[in-house]
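Okay, so here's the structure we're looking at.
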Amino acid sequence: GVIFASDTAASLKLPKALAIRQARFKSPSKGYPDLFIAAKRGNFNGCFIELKAEGERIFLRDGSISKDKDVQRQAAVLAQLRNEGYCAEFVIGEEQALKFVDWYLDGAEGNLLIERNQNGDFRFTNRESGEVF
């Protein structure tokens with residue numbers, strides 16, 4: 001019963017010209033996240049998620065955001081959405097994505113701590129429940 005929107009076309013292997021045209025049609029705003037959940041939970045007005053494939057690196061070893069232009073743009077959009085009262089995060093891989101969505105839909109309770117390791121991997125830890133994903 002939750003309304004959501006997802007960029008399923010992003011995972012298609014379209015020819016470059018068609019992919020660019022499709023992206024412009026979908027959203028003229030570059031960096032728009034892949035998934036939006038239009039449901040208020042906890043202190044959030046809705047949830048935006050930027051999905052990344054298993055093994056992708058968002059953060060560098062020093063904890064800073066990747067120098068990749070697309071990742072930089074996406075991080076800026078996520079930060080702007082957080083400032084507007086939305087839950088907005090990167091997630092890596094199917095397992096983390098599913099756990100993050102479950103956390104959000106179950107009420108988005110507990111502050112999430114983003115922990116990064118020396119390889120640039122990250123995980124979320126719920127400071128109240130101790131759940132890690």
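Residues in the structure tokens are named by chain (A, B, ... in the order shown) and by number from 1 within that chain; ligands are numbered from 1 in the order shown.
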
Test item: residues at most 12 Å from Glu84 in chain A, only C-alpha atoms, excluding those fewer than 4 positions along its chain, as a ChimeraX atom specification: /A:43-48,77-80,88

Using only C-alpha atoms, which residues sit within 12 Å of Lys69 in chain A once same-chain residues fewer than 6 positions away are excluded, as a PyMOL selection string? chain A and resi 30-31+58+75-76

Counting only C-alpha atoms, which of A:Ala53, A:Cys87, A:Ile65, A:Ala38 gets nearest to Phe100 in chain A?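 Looking at the shortest contact to Phe100 in chain A, the residue is A:Cys87.
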
Which one of A:Gly107, A:Ser6, A:Pro33, A:Arg123 sits closest to Val71 in chain A if you count only C-alpha atoms?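 Checking each of A:Gly107, A:Ser6, A:Pro33, A:Arg123 against Val71 in chain A, counting only C-alpha atoms, the winner is A:Pro33.
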
Members of chain A assigned helix (DSSP H, G or I) by DSSP, as a VMD selection string: chain A and resid 8 to 11 16 to 26 69 to 83 93 to 105

From the options A:Ile114, A:Leu81, A:Ala39, A:Ala5, which residue's atoms come nearest to Arg127 in chain A, counting only C-alpha atoms? A:Ile114

Every residue of range 13-112 of chain A that DSSP places in strand (DSSP E), as a ChimeraX atom specification: /A:35-38,47-52,87-92,112

Requested write-out: N, CA and C atoms of the selected residues, as a PDB file, in the first residue's frame:
ATOM      1  N   LEU A  35      15.276   5.612  -6.427  1.00  0.00           N
ATOM      2  CA  LEU A  35      14.054   5.126  -5.789  1.00  0.00           C
ATOM      3  C   LEU A  35      13.510   6.193  -4.848  1.00  0.00           C
ATOM      4  N   PHE A  36      12.198   6.417  -4.929  1.00  0.00           N
ATOM      5  CA  PHE A  36      11.518   7.313  -3.996  1.00  0.00           C
ATOM      6  C   PHE A  36      10.358   6.566  -3.370  1.00  0.00           C
ATOM      7  N   ILE A  37      10.285   6.599  -2.046  1.00  0.00           N
ATOM      8  CA  ILE A  37       9.175   6.006  -1.303  1.00  0.00           C
ATOM      9  C   ILE A  37       8.351   7.164  -0.752  1.00  0.00           C
ATOM     10  N   ALA A  38       7.132   7.292  -1.254  1.00  0.00           N
ATOM     11  CA  ALA A  38       6.261   8.416  -0.884  1.00  0.00           C
ATOM     12  C   ALA A  38       5.433   8.030   0.343  1.00  0.00           C
ATOM     13  N   CYS A  47      11.354   8.968   1.440  1.00  0.00           N
ATOM     14  CA  CYS A  47      12.684   8.387   1.393  1.00  0.00           C
ATOM     15  C   CYS A  47      13.193   8.301  -0.043  1.00  0.00           C
ATOM     16  N   PHE A  48      14.391   8.821  -0.276  1.00  0.00           N
ATOM     17  CA  PHE A  48      15.067   8.732  -1.563  1.00  0.00           C
ATOM     18  C   PHE A  48      16.291   7.839  -1.397  1.00  0.00           C
ATOM     19  N   ILE A  49      16.470   6.924  -2.337  1.00  0.00           N
ATOM     20  CA  ILE A  49      17.606   6.003  -2.271  1.00  0.00           C
ATOM     21  C   ILE A  49      18.337   5.997  -3.611  1.00  0.00           C
ATOM     22  N   GLU A  50      19.632   6.161  -3.547  1.00  0.00           N
ATOM     23  CA  GLU A  50      20.495   6.022  -4.722  1.00  0.00           C
ATOM     24  C   GLU A  50      21.100   4.627  -4.646  1.00  0.00           C
ATOM     25  N   LEU A  51      20.682   3.759  -5.558  1.00  0.00           N
ATOM     26  CA  LEU A  51      21.119   2.362  -5.565  1.00  0.00           C
ATOM     27  C   LEU A  51      22.429   2.205  -6.322  1.00  0.00           C
ATOM     28  N   LYS A  52      23.360   1.494  -5.710  1.00  0.00           N
ATOM     29  CA  LYS A  52      24.640   1.185  -6.347  1.00  0.00           C
ATOM     30  C   LYS A  52      24.835  -0.320  -6.356  1.00  0.00           C
ATOM     31  N   CYS A  87      14.571  11.358   4.158  1.00  0.00           N
ATOM     32  CA  CYS A  87      15.609  10.357   4.339  1.00  0.00           C
ATOM     33  C   CYS A  87      16.208  10.172   2.951  1.00  0.00           C
ATOM     34  N   ALA A  88      17.512  10.307   2.806  1.00  0.00           N
ATOM     35  CA  ALA A  88      18.131  10.246   1.482  1.00  0.00           C
ATOM     36  C   ALA A  88      19.544   9.687   1.622  1.00  0.00           C
ATOM     37  N   GLU A  89      19.780   8.490   1.070  1.00  0.00           N
ATOM     38  CA  GLU A  89      21.073   7.817   1.243  1.00  0.00           C
ATOM     39  C   GLU A  89      21.454   7.007   0.019  1.00  0.00           C
ATOM     40  N   PHE A  90      22.737   6.734  -0.085  1.00  0.00           N
ATOM     41  CA  PHE A  90      23.254   5.722  -0.995  1.00  0.00           C
ATOM     42  C   PHE A  90      23.066   4.372  -0.322  1.00  0.00           C
ATOM     43  N   VAL A  91      22.803   3.333  -1.097  1.00  0.00           N
ATOM     44  CA  VAL A  91      22.878   1.958  -0.603  1.00  0.00           C
ATOM     45  C   VAL A  91      23.622   1.139  -1.652  1.00  0.00           C
ATOM     46  N   ILE A  92      24.321   0.109  -1.167  1.00  0.00           N
ATOM     47  CA  ILE A  92      25.121  -0.719  -2.061  1.00  0.00           C
ATOM     48  C   ILE A  92      24.610  -2.148  -2.022  1.00  0.00           C
ATOM     49  N   LEU A 112      20.622   6.542  12.441  1.00  0.00           N
ATOM     50  CA  LEU A 112      21.561   5.670  11.747  1.00  0.00           C
ATOM     51  C   LEU A 112      22.943   6.296  11.738  1.00  0.00           C
TER      52      LEU A 112
END
